[in-house]
file upload03.txt (compact mmCIF, C-alpha atoms)
# COMPACT_ATOMS: atom_id res chain seq x y z
CA MET A 13 -47.02 -16.44 -27.23
CA GLU A 14 -44.79 -16.01 -24.17
CA LEU A 15 -43.69 -19.67 -24.34
CA SER A 16 -42.79 -19.29 -28.00
CA TYR A 17 -40.83 -16.13 -27.24
CA LEU A 18 -38.90 -17.90 -24.47
CA LYS A 19 -38.10 -20.82 -26.77
CA ASN A 20 -36.75 -18.41 -29.36
CA ILE A 21 -34.65 -16.32 -27.00
CA MET A 22 -33.34 -19.11 -24.77
CA PRO A 23 -30.55 -20.23 -27.16
CA PHE A 24 -29.24 -16.67 -27.23
CA VAL A 25 -29.32 -16.41 -23.42
CA ILE A 26 -27.46 -19.70 -23.09
CA ALA A 27 -24.91 -18.58 -25.68
CA ILE A 28 -24.29 -15.34 -23.78
CA LEU A 29 -23.89 -17.19 -20.48
CA VAL A 30 -21.45 -19.63 -22.07
CA MET A 31 -19.49 -16.74 -23.60
CA GLN A 32 -19.34 -14.99 -20.21
CA ALA A 33 -18.13 -18.18 -18.48
CA THR A 34 -15.48 -18.72 -21.16
CA TYR A 35 -14.48 -15.06 -20.96
CA SER A 36 -14.08 -15.25 -17.16
CA GLN A 37 -12.27 -18.59 -17.30
CA SER A 38 -9.90 -17.25 -19.94
CA LEU A 39 -8.91 -14.30 -17.73
CA GLU A 40 -8.50 -16.58 -14.70
CA THR A 41 -6.29 -18.92 -16.73
CA GLN A 42 -4.16 -16.03 -17.94
CA ILE A 43 -3.66 -14.68 -14.42
CA ASP A 44 -2.92 -18.17 -13.11
CA SER A 45 -0.23 -18.62 -15.75
CA VAL A 46 1.44 -15.37 -14.67
CA LEU A 47 1.40 -16.25 -10.96
CA THR A 48 2.34 -19.92 -11.10
CA THR A 49 5.65 -19.03 -12.74
CA LEU A 50 6.66 -17.19 -9.56
CA PHE A 51 4.80 -19.17 -6.88
CA LYS A 52 5.41 -22.76 -8.01
CA ALA A 53 5.94 -24.75 -4.81
CA SER A 54 3.12 -25.58 -2.43
CA ASP A 55 5.56 -26.19 0.46
CA GLU A 56 7.27 -22.77 0.35
CA PRO A 57 6.23 -19.25 1.39
CA GLY A 58 3.59 -17.95 -0.97
CA ALA A 59 1.29 -15.07 -1.72
CA VAL A 60 -2.27 -13.85 -2.05
CA PHE A 61 -3.57 -11.91 -5.05
CA LEU A 62 -6.84 -10.17 -5.70
CA VAL A 63 -8.11 -8.55 -8.90
CA ALA A 64 -11.24 -6.42 -8.80
CA LYS A 65 -13.32 -4.76 -11.50
CA ASP A 66 -15.87 -2.10 -10.62
CA GLY A 67 -15.31 -2.82 -6.94
CA LYS A 68 -16.04 -6.56 -7.21
CA PRO A 69 -13.42 -9.33 -6.98
CA ILE A 70 -12.98 -11.22 -10.24
CA TYR A 71 -9.89 -13.15 -9.10
CA ARG A 72 -8.88 -14.05 -5.54
CA LYS A 73 -6.37 -16.81 -4.85
CA ALA A 74 -3.70 -17.92 -2.40
CA PHE A 75 -0.47 -19.76 -3.14
CA GLY A 76 2.08 -21.62 -1.01
CA GLN A 77 2.35 -21.68 2.77
CA ALA A 78 1.33 -19.17 5.43
CA ASN A 79 3.47 -21.06 7.96
CA ILE A 80 6.14 -23.52 6.81
CA GLU A 81 6.86 -25.00 10.25
CA LEU A 82 3.24 -25.94 10.86
CA ASP A 83 2.51 -26.81 7.22
CA VAL A 84 -0.35 -24.29 7.06
CA SER A 85 -1.49 -23.48 3.55
CA MET A 86 -2.00 -19.87 2.55
CA LYS A 87 -5.58 -18.66 2.19
CA PRO A 88 -6.98 -15.41 0.77
CA GLU A 89 -7.94 -14.19 4.26
CA ASN A 90 -4.35 -14.19 5.57
CA VAL A 91 -3.01 -11.00 7.17
CA PHE A 92 0.31 -9.61 5.90
CA GLN A 93 2.64 -6.80 6.86
CA ILE A 94 2.31 -4.37 3.94
CA GLY A 95 5.45 -2.27 4.41
CA SER A 96 5.46 1.01 2.50
CA MET A 97 1.87 0.69 1.33
CA THR A 98 1.39 2.16 4.82
CA LYS A 99 2.31 5.52 3.28
CA GLN A 100 -1.10 5.67 1.60
CA PHE A 101 -2.75 5.64 5.01
CA THR A 102 -0.36 8.22 6.44
CA ALA A 103 -1.13 10.53 3.51
CA MET A 104 -4.85 9.99 4.09
CA ALA A 105 -4.40 10.86 7.77
CA ILE A 106 -2.80 14.17 6.78
CA MET A 107 -5.67 14.92 4.38
CA LYS A 108 -8.23 14.20 7.09
CA LEU A 109 -6.41 16.47 9.53
CA GLU A 110 -6.28 19.21 6.92
CA GLU A 111 -10.04 18.91 6.39
CA GLN A 112 -10.48 19.17 10.15
CA GLY A 113 -8.55 22.45 10.08
CA LYS A 114 -5.73 21.09 12.24
CA LEU A 115 -2.95 21.59 9.68
CA ASN A 116 -2.23 22.69 6.13
CA VAL A 117 0.02 20.83 3.71
CA ASN A 118 1.85 24.08 2.99
CA ASP A 119 2.76 24.53 6.66
CA ALA A 120 6.42 24.38 7.62
CA VAL A 121 7.53 21.44 9.75
CA SER A 122 8.78 23.91 12.36
CA LYS A 123 5.19 24.95 13.10
CA TYR A 124 4.70 21.54 14.73
CA ILE A 125 8.27 20.51 15.59
CA PRO A 126 10.03 23.81 16.44
CA ASP A 127 13.49 22.30 16.88
CA TYR A 128 13.51 20.29 13.64
CA PRO A 129 16.67 21.23 11.66
CA ASN A 130 15.82 23.45 8.66
CA GLY A 131 12.19 22.95 9.65
CA ASN A 132 11.34 26.50 8.56
CA ASN A 133 12.13 25.54 4.96
CA ILE A 134 10.57 22.05 4.84
CA THR A 135 6.83 21.77 4.30
CA ILE A 136 4.38 18.96 4.97
CA HIS A 137 3.82 18.88 1.21
CA GLN A 138 7.52 18.14 0.65
CA LEU A 139 7.43 15.32 3.22
CA LEU A 140 4.44 13.80 1.42
CA THR A 141 6.09 14.02 -2.01
CA HIS A 142 9.59 12.82 -1.03
CA THR A 143 11.09 16.17 -1.98
CA SER A 144 12.19 17.35 1.50
CA GLY A 145 15.85 16.39 1.13
CA ILE A 146 16.12 14.94 4.64
CA LYS A 147 18.17 11.79 5.14
CA ASP A 148 16.39 8.45 4.75
CA PHE A 149 17.09 6.69 8.04
CA THR A 150 16.73 3.23 6.46
CA LYS A 151 19.83 3.97 4.35
CA MET A 152 22.00 5.01 7.30
CA LYS A 153 24.86 2.62 8.16
CA SER A 154 23.93 2.83 11.82
CA ILE A 155 20.36 1.60 11.25
CA MET A 156 21.06 -1.80 12.82
CA SER A 157 21.90 -0.11 16.13
CA ILE A 158 18.19 0.69 16.58
CA ALA A 159 16.61 -2.14 14.58
CA LYS A 160 15.55 -4.19 17.60
CA LYS A 161 14.83 -1.27 19.95
CA ASP A 162 11.32 -0.07 20.73
CA LEU A 163 11.52 3.67 20.16
CA THR A 164 9.06 6.48 20.67
CA PRO A 165 8.42 8.66 17.59
CA GLU A 166 10.57 11.40 19.20
CA GLU A 167 13.43 8.96 19.70
CA LEU A 168 13.15 7.79 16.10
CA LEU A 169 13.28 11.38 14.86
CA ASP A 170 16.31 12.03 17.05
CA PHE A 171 18.07 9.14 15.31
CA PHE A 172 18.12 10.88 11.92
CA LYS A 173 17.11 14.54 12.20
CA GLU A 174 20.64 15.92 12.68
CA GLU A 175 21.94 14.13 9.58
CA PRO A 176 23.05 16.40 6.70
CA GLU A 177 20.38 16.99 4.07
CA ASN A 178 20.77 15.28 0.71
CA PHE A 179 19.52 18.37 -1.15
CA GLN A 180 17.59 21.56 -0.57
CA PRO A 181 13.81 21.13 -0.12
CA GLY A 182 11.95 20.96 -3.41
CA GLU A 183 15.06 20.52 -5.56
CA GLN A 184 14.84 16.76 -6.15
CA PHE A 185 12.61 13.72 -5.73
CA GLU A 186 14.18 10.99 -3.61
CA TYR A 187 12.04 8.29 -2.02
CA ASN A 188 12.34 8.81 1.69
CA ASN A 189 11.03 6.84 4.68
CA SER A 190 12.11 9.53 7.16
CA GLY A 191 9.64 12.00 5.71
CA TYR A 192 6.73 9.71 6.50
CA VAL A 193 8.05 9.14 10.02
CA VAL A 194 7.89 12.91 10.51
CA LEU A 195 4.36 12.93 9.08
CA GLY A 196 3.33 10.24 11.57
CA TYR A 197 4.68 12.29 14.44
CA ILE A 198 2.88 15.42 13.21
CA THR A 199 -0.31 13.35 13.03
CA GLU A 200 0.12 12.49 16.70
CA LEU A 201 0.91 16.07 17.73
CA VAL A 202 -2.11 17.66 16.07
CA SER A 203 -4.64 14.88 16.71
CA GLY A 204 -3.67 14.17 20.32
CA GLU A 205 -3.71 10.43 19.56
CA SER A 206 -1.07 7.87 18.76
CA TYR A 207 -0.59 7.17 15.05
CA GLU A 208 -1.84 3.63 15.66
CA ASN A 209 -5.06 4.82 17.27
CA PHE A 210 -5.69 7.57 14.73
CA ILE A 211 -5.38 5.21 11.77
CA GLY A 212 -7.44 2.57 13.58
CA LYS A 213 -10.31 4.88 14.47
CA GLN A 214 -10.33 7.35 11.61
CA ILE A 215 -9.74 4.90 8.77
CA PHE A 216 -9.93 1.17 9.58
CA GLN A 217 -13.02 1.29 11.79
CA LYS A 218 -14.85 3.82 9.60
CA ILE A 219 -14.69 1.71 6.45
CA GLY A 220 -14.83 -1.76 7.98
CA MET A 221 -11.20 -2.80 7.52
CA ASP A 222 -11.66 -5.24 10.38
CA ASP A 223 -8.53 -7.29 9.70
CA SER A 224 -6.15 -4.34 9.38
CA ARG A 225 -4.02 -2.95 12.21
CA TYR A 226 -0.66 -1.66 13.33
CA ALA A 227 1.70 -4.61 12.99
CA SER A 228 2.82 -6.66 15.96
CA ASP A 229 5.04 -9.69 16.46
CA ARG A 230 3.77 -10.11 20.03
CA ASP A 231 -0.01 -9.83 19.78
CA ILE A 232 -2.17 -12.72 18.63
CA VAL A 233 -3.27 -11.82 15.10
CA LYS A 234 -5.76 -14.26 13.64
CA ASN A 235 -4.88 -15.58 10.17
CA LYS A 236 -1.43 -14.00 10.31
CA ALA A 237 0.96 -15.05 7.55
CA TYR A 238 4.48 -15.61 8.87
CA GLY A 239 7.35 -13.85 7.15
CA TYR A 240 10.46 -15.50 5.73
CA HIS A 241 13.84 -14.84 4.16
CA ASN A 242 15.60 -17.05 1.62
CA ARG A 243 19.36 -16.85 1.96
CA GLY A 244 20.18 -20.20 0.42
CA GLU A 245 17.42 -21.73 2.54
CA PHE A 246 14.25 -20.42 4.11
CA THR A 247 14.50 -18.87 7.57
CA ASN A 248 12.08 -17.01 9.77
CA LYS A 249 12.25 -13.26 9.24
CA MET A 250 14.65 -11.28 11.36
CA HIS A 251 13.07 -9.59 14.35
CA VAL A 252 12.83 -5.83 13.97
CA SER A 253 10.97 -3.51 16.30
CA LEU A 254 7.87 -2.33 14.48
CA SER A 255 8.27 1.07 16.09
CA ASN A 256 11.01 1.63 13.48
CA PRO A 257 8.96 1.56 10.25
CA TYR A 258 6.21 3.46 12.11
CA ALA A 259 4.18 5.68 9.75
CA SER A 260 6.37 4.75 6.79
CA GLY A 261 5.70 1.01 6.87
CA SER A 262 4.11 -0.42 10.02
CA LEU A 263 0.66 -1.63 9.00
CA MET A 264 -0.89 -5.06 8.39
CA SER A 265 -3.82 -5.86 6.14
CA THR A 266 -5.55 -8.36 3.86
CA VAL A 267 -6.31 -8.15 0.15
CA ASP A 268 -10.02 -7.93 0.96
CA ASP A 269 -9.48 -4.98 3.30
CA MET A 270 -7.33 -3.27 0.67
CA LEU A 271 -10.25 -3.50 -1.76
CA LYS A 272 -12.44 -1.84 0.89
CA TRP A 273 -9.76 0.86 1.12
CA GLN A 274 -9.78 1.43 -2.63
CA GLU A 275 -13.57 1.60 -2.67
CA ALA A 276 -13.59 4.11 0.20
CA ILE A 277 -11.25 6.34 -1.82
CA ASN A 278 -13.50 6.03 -4.88
CA THR A 279 -16.69 6.83 -2.97
CA HIS A 280 -15.20 9.66 -0.88
CA SER A 281 -16.08 7.84 2.34
CA LEU A 282 -13.08 9.37 4.13
CA ILE A 283 -12.27 12.68 2.43
CA THR A 284 -13.80 15.07 -0.10
CA GLU A 285 -13.16 15.11 -3.83
CA ALA A 286 -10.95 18.18 -3.38
CA SER A 287 -8.71 16.39 -0.90
CA LYS A 288 -8.68 13.28 -3.06
CA LYS A 289 -7.45 15.40 -5.96
CA LYS A 290 -4.49 16.46 -3.82
CA LEU A 291 -3.58 12.81 -3.22
CA PHE A 292 -3.39 12.10 -6.93
CA THR A 293 -1.90 15.28 -8.38
CA ASN A 294 1.36 14.76 -10.25
CA TYR A 295 3.49 17.29 -8.39
CA THR A 296 6.55 19.19 -9.55
CA LEU A 297 9.97 20.22 -8.27
CA ASN A 298 11.02 23.83 -7.83
CA ASN A 299 12.11 23.87 -11.48
CA GLY A 300 8.69 22.66 -12.72
CA GLU A 301 9.78 19.10 -13.48
CA HIS A 302 7.08 16.49 -12.77
CA ILE A 303 7.99 13.79 -10.24
CA ASN A 304 5.23 11.23 -11.03
CA TYR A 305 4.27 11.07 -7.36
CA GLY A 306 1.27 12.41 -5.47
CA TYR A 307 0.76 12.00 -1.74
CA GLY A 308 1.53 8.36 -0.89
CA TRP A 309 1.12 7.00 -4.43
CA HIS A 310 3.31 6.70 -7.51
CA LEU A 311 1.48 8.03 -10.57
CA LYS A 312 2.58 5.89 -13.50
CA ASP A 313 1.05 4.16 -16.50
CA ILE A 314 0.76 0.76 -18.15
CA ASP A 315 0.91 1.01 -21.94
CA GLY A 316 -0.11 4.65 -21.70
CA ILE A 317 -3.05 4.03 -19.37
CA PRO A 318 -2.62 6.03 -16.12
CA THR A 319 -2.22 4.08 -12.88
CA ARG A 320 -1.91 4.79 -9.17
CA GLU A 321 0.41 2.32 -7.50
CA HIS A 322 2.70 1.60 -4.59
CA GLY A 323 4.65 -1.31 -3.25
CA GLY A 324 6.07 -2.22 0.12
CA SER A 325 9.04 -4.14 1.48
CA ILE A 326 9.70 -5.00 5.10
CA PHE A 327 11.61 -7.90 6.67
CA GLY A 328 9.85 -11.09 5.55
CA PHE A 329 7.15 -9.45 3.41
CA LYS A 330 6.58 -7.64 0.14
CA SER A 331 3.45 -6.02 -1.26
CA MET A 332 2.15 -4.22 -4.32
CA GLY A 333 -1.07 -2.53 -5.38
CA VAL A 334 -2.07 -1.03 -8.74
CA TYR A 335 -5.26 0.88 -9.48
CA VAL A 336 -6.42 1.92 -12.95
CA PRO A 337 -8.95 4.76 -12.55
CA SER A 338 -10.22 4.79 -16.15
CA LEU A 339 -11.38 1.15 -15.98
CA ASP A 340 -11.87 0.82 -12.20
CA VAL A 341 -9.48 -2.13 -12.02
CA TYR A 342 -7.60 -2.82 -8.79
CA VAL A 343 -4.87 -5.45 -8.42
CA VAL A 344 -3.15 -6.17 -5.09
CA GLY A 345 -0.63 -8.82 -4.14
CA PHE A 346 1.04 -9.77 -0.85
CA SER A 347 4.03 -12.12 -0.42
CA ASN A 348 5.28 -13.61 2.86
CA CYS A 349 8.90 -13.94 1.73
CA ASP A 350 10.98 -10.90 0.89
CA CYS A 351 12.61 -13.17 -1.70
CA ASN A 352 9.47 -12.94 -3.85
CA SER A 353 8.58 -9.42 -4.90
CA PRO A 354 5.05 -9.07 -6.27
CA THR A 355 5.83 -5.70 -7.89
CA GLN A 356 6.33 -6.75 -11.49
CA VAL A 357 3.90 -9.64 -11.41
CA THR A 358 1.15 -7.34 -10.08
CA ARG A 359 1.79 -4.94 -12.96
CA ASP A 360 1.79 -7.91 -15.36
CA ILE A 361 -1.57 -9.08 -14.03
CA THR A 362 -2.92 -5.55 -14.38
CA LYS A 363 -1.78 -5.48 -18.00
CA VAL A 364 -3.43 -8.83 -18.73
CA THR A 365 -6.65 -7.60 -17.12
CA LEU A 366 -6.63 -4.33 -19.02
CA GLU A 367 -6.07 -6.11 -22.34
CA HIS A 368 -8.96 -8.40 -21.50
CA TYR A 369 -11.42 -5.55 -20.91
CA ILE A 370 -10.14 -3.25 -23.63
CA ASP A 371 -10.34 -6.00 -26.25
call {"tool": "encode", "arguments": {"input": "upload03.txt", "output": "structure tokens"}}
result
Amino acid sequence: MELSYLKNIMPFVIAILVMQATYSQSLETQIDSVLTTLFKASDEPGAVFLVAKDGKPIYRKAFGQANIELDVSMKPENVFQIGSMTKQFTAMAIMKLEEQGKLNVNDAVSKYIPDYPNGNNITIHQLLTHTSGIKDFTKMKSIMSIAKKDLTPEELLDFFKEEPENFQPGEQFEYNNSGYVVLGYITELVSGESYENFIGKQIFQKIGMDDSRYASDRDIVKNKAYGYHNRGEFTNKMHVSLSNPYASGSLMSTVDDMLKWQEAINTHSLITEASKKKLFTNYTLNNGEHINYGYGWHLKDIDGIPTREHGGSIFGFKSMGVYVPSLDVYVVGFSNCDCNSPTQVTRDITKVTLEHYID
């Protein structure tokens, strides 16, 4: 009886397995076709991409070279500078400190930095949402005067804090690296630790992001991808002191660690549901207009399906991550040449993946 049953059901089981294999292969082929249009050459800087569904990788591939000089092929485990994706971690640090009762997002900056210009009228919330109006130091003409200098957070603040404001706090949304520098400094003041140590202990170590760290061009970093420019020909990235991007763009990570990060957010391993809601609220200006930004994430959509996303750009590297909460799909891509932005291609891959699962 059992043998007869197995004989009857086996063709259906095999058919389902074949369908699943074809289904998976079809998605892989589609993603490959998107990526190979941008990352064609095996002897040039490349990229790593990961696509996950329900917390599990369904696509994970490397393209091109991690080091051109040594002819080292890229691999999925390579470590990249992630630029402004750092802002997600800075926002998380602020949420953790708020849960610890050490600050409140509605506090004025002057509570922590008494001499900060107009600090009585700028809140931590406005720094998080890019609505503070303070000058973005990366857009200042004099930025190259400090680019190679190792600065303390106080010295970095001194570089831009006396600059005229672009607008009154809360009046506009304008993406702003300076705001996240100030947030990093506040993190240090209230925690009693350096930003690097706080992020390392309170986030990376807690969720097992073992290959993530504050970036360094001096330390030995295993599996590090080297950064490049393409200005007619490939060159090594320009040296910039990593004290400059600081809490706005100073971290390094891998695609695997970024999936751990996304899973930690989903499972509330770092903060409560209430704090998580603050991260992903679509905030408004003083006039009630929505800005499509939470704390450290852009809140957008792909074909009407809500997404949480953010990219990063720093000398020699570009990054992008997109998460779709309704389908638990996460797509992250890192490039080791600032000539190849993964922003659009990551969104394209997300769209392909969504169509695959929705259909």
call {"tool": "closest_residue", "arguments": {"input": "upload03.txt", "among": "A:Arg72, A:Lys330, A:Lys65, A:Lys290", "to": "Tyr240 of chain A", "atoms": "all atoms listed in the file"}}
result
A:Lys330
call {"tool": "atom_distance", "arguments": {"input": "upload03.txt", "atom1": "atom CA of Asp127 of chain A", "atom2": "atom CA of Val194 of chain A"}}
result
12.7 Å
call {"tool": "residues_around", "arguments": {"input": "upload03.txt", "residues": "segment 153-159 of chain A", "least_positions_apart": "5", "cutoff": "7 Å", "atoms": "only C-alpha atoms", "output": "PyMOL selection string"}}
result
chain A and resi 252-253+256
call {"tool": "closest_residue", "arguments": {"input": "upload03.txt", "among": "A:Asn294, A:Ser96, A:Ser255, A:Asn299", "to": "Tyr187 of chain A", "atoms": "all atoms listed in the file"}}
result
A:Ser96
call {"tool": "closest_residue", "arguments": {"input": "upload03.txt", "among": "A:Gly182, A:Gly324, A:Pro257, A:Pro57", "to": "Ala74 of chain A", "atoms": "all atoms listed in the file"}}
result
A:Pro57
call {"tool": "residues_around", "arguments": {"input": "upload03.txt", "residues": "Gln77 of chain A", "least_positions_apart": "5", "cutoff": "9 Å", "atoms": "all atoms listed in the file", "output": "NGL selection string"}}
result
:A and (53-59 or 83-87 or 237-238 or 348)
call {"tool": "residues_near_point", "arguments": {"input": "upload03.txt", "point": "(-15.0, -11.2, -7.9)", "cutoff": "12 Å", "atoms": "only C-alpha atoms", "output": "MDAnalysis selection string"}}
result
chainID A and resid 36 39:40 61:73 268 271 341:343
call {"tool": "atom_distance", "arguments": {"input": "upload03.txt", "atom1": "atom CA of Gln93 of chain A", "atom2": "atom CA of Ala105 of chain A"}}
result
19.0 Å
call {"tool": "atom_distance", "arguments": {"input": "upload03.txt", "atom1": "atom CA of Lys52 of chain A", "atom2": "atom CA of Glu245 of chain A"}}
result
16.0 Å
call {"tool": "residues_around", "arguments": {"input": "upload03.txt", "residues": "segment 358-360 of chain A", "least_positions_apart": "5", "cutoff": "9 Å", "atoms": "only C-alpha atoms", "output": "compact mmCIF listing (two decimals) with C-alpha atoms, in the coordinates of the input"}}
result
# COMPACT_ATOMS: atom_id res chain seq x y z
CA ILE A 43 -3.66 -14.68 -14.42
CA VAL A 46 1.44 -15.37 -14.67
CA LEU A 47 1.40 -16.25 -10.96
CA PHE A 61 -3.57 -11.91 -5.05
CA ILE A 314 0.76 0.76 -18.15
CA MET A 332 2.15 -4.22 -4.32
CA GLY A 333 -1.07 -2.53 -5.38
CA VAL A 334 -2.07 -1.03 -8.74
CA VAL A 343 -4.87 -5.45 -8.42
CA VAL A 344 -3.15 -6.17 -5.09
CA GLY A 345 -0.63 -8.82 -4.14
CA THR A 365 -6.65 -7.60 -17.12
call {"tool": "closest_atom_pairs", "arguments": {"input": "upload03.txt", "of": "segment 251-300 of chain A", "to": "segment 201-225 of chain A", "cutoff": "6 Å", "atoms": "only C-alpha atoms", "output": "Markdown table"}}
result
| residue | atom | partner | partner_atom | distance |
| --- | --- | --- | --- | --- |
| A:Leu263 | CA | A:Arg225 | CA | 5.8 |
| A:Met264 | CA | A:Arg225 | CA | 5.4 |
| A:Ser265 | CA | A:Ser224 | CA | 4.3 |
| A:Asp269 | CA | A:Met221 | CA | 5.1 |
call {"tool": "write_last_selection", "arguments": {"input": "upload03.txt", "atoms": "C-alpha atoms", "output": "PDB file, in the coordinates of the input"}}
result
ATOM      1  CA  LEU A 263       0.660  -1.630   9.000  1.00  0.00           C
ATOM      2  CA  MET A 264      -0.890  -5.060   8.390  1.00  0.00           C
ATOM      3  CA  SER A 265      -3.820  -5.860   6.140  1.00  0.00           C
ATOM      4  CA  ASP A 269      -9.480  -4.980   3.300  1.00  0.00           C
TER       5      ASP A 269
END
call {"tool": "residues_around", "arguments": {"input": "upload03.txt", "residues": "Gly191 of chain A", "least_positions_apart": "3", "cutoff": "9 Å", "atoms": "all atoms listed in the file", "output": "compact mmCIF listing (two decimals) with C-alpha atoms, keeping the file's coordinate frame"}}
result
# COMPACT_ATOMS: atom_id res chain seq x y z
CA ILE A 136 4.38 18.96 4.97
CA GLN A 138 7.52 18.14 0.65
CA LEU A 139 7.43 15.32 3.22
CA LEU A 140 4.44 13.80 1.42
CA THR A 141 6.09 14.02 -2.01
CA HIS A 142 9.59 12.82 -1.03
CA THR A 143 11.09 16.17 -1.98
CA SER A 144 12.19 17.35 1.50
CA GLY A 145 15.85 16.39 1.13
CA ILE A 146 16.12 14.94 4.64
CA LYS A 147 18.17 11.79 5.14
CA ASP A 148 16.39 8.45 4.75
CA TYR A 187 12.04 8.29 -2.02
CA ASN A 188 12.34 8.81 1.69
CA VAL A 194 7.89 12.91 10.51
CA LEU A 195 4.36 12.93 9.08
CA GLY A 196 3.33 10.24 11.57
CA SER A 260 6.37 4.75 6.79
call {"tool": "closest_residue", "arguments": {"input": "upload03.txt", "among": "A:Leu254, A:Gly328, A:Phe179, A:His322", "to": "Lys161 of chain A", "atoms": "only C-alpha atoms"}}
result
A:Leu254
call {"tool": "closest_residue", "arguments": {"input": "upload03.txt", "among": "A:Ala286, A:Val121, A:Cys351, A:Ile232", "to": "Ile198 of chain A", "atoms": "all atoms listed in the file"}}
result
A:Val121
call {"tool": "build_atoms", "arguments": {"input": "upload03.txt", "residues": "segment 177-182 of chain A", "atoms": "all heavy atoms", "output": "tab-separated table (two decimals), in the coordinates of the input"}}
result
chain	number	residue	atom	x	y	z
A	177	GLU	N	21.39	17.17	5.11
A	177	GLU	CA	20.38	16.99	4.07
A	177	GLU	C	21.02	16.51	2.77
A	177	GLU	O	22.16	16.86	2.46
A	177	GLU	CB	19.64	18.31	3.82
A	177	GLU	CG	18.81	18.77	5.00
A	177	GLU	CD	18.18	20.14	4.76
A	177	GLU	OE1	18.70	20.88	3.89
A	177	GLU	OE2	17.19	20.45	5.42
A	178	ASN	N	20.28	15.75	2.00
A	178	ASN	CA	20.77	15.28	0.71
A	178	ASN	C	20.68	16.36	-0.36
A	178	ASN	O	21.45	16.38	-1.32
A	178	ASN	CB	19.99	14.05	0.26
A	178	ASN	CG	20.29	12.83	1.12
A	178	ASN	OD1	21.30	12.79	1.81
A	178	ASN	ND2	19.43	11.84	1.07
A	179	PHE	N	19.69	17.26	-0.21
A	179	PHE	CA	19.52	18.37	-1.15
A	179	PHE	C	18.56	19.38	-0.51
A	179	PHE	O	17.92	19.08	0.50
A	179	PHE	CB	18.97	17.90	-2.50
A	179	PHE	CG	17.74	17.02	-2.40
A	179	PHE	CD1	16.47	17.57	-2.31
A	179	PHE	CD2	17.86	15.63	-2.41
A	179	PHE	CE1	15.34	16.76	-2.21
A	179	PHE	CE2	16.74	14.81	-2.32
A	179	PHE	CZ	15.48	15.39	-2.22
A	180	GLN	N	18.48	20.54	-1.09
A	180	GLN	CA	17.59	21.56	-0.57
A	180	GLN	C	16.13	21.19	-0.86
A	180	GLN	O	15.83	20.62	-1.91
A	180	GLN	CB	17.91	22.92	-1.19
A	180	GLN	CG	19.20	23.54	-0.67
A	180	GLN	CD	19.16	23.75	0.85
A	180	GLN	OE1	18.26	24.41	1.38
A	180	GLN	NE2	20.14	23.18	1.55
A	181	PRO	N	15.21	21.50	0.07
A	181	PRO	CA	13.81	21.13	-0.12
A	181	PRO	C	13.25	21.58	-1.47
A	181	PRO	O	13.44	22.72	-1.88
A	181	PRO	CB	13.11	21.84	1.04
A	181	PRO	CG	14.17	21.96	2.09
A	181	PRO	CD	15.44	22.18	1.36
A	182	GLY	N	12.60	20.65	-2.14
A	182	GLY	CA	11.95	20.96	-3.41
A	182	GLY	C	12.83	20.84	-4.64
A	182	GLY	O	12.35	20.96	-5.76
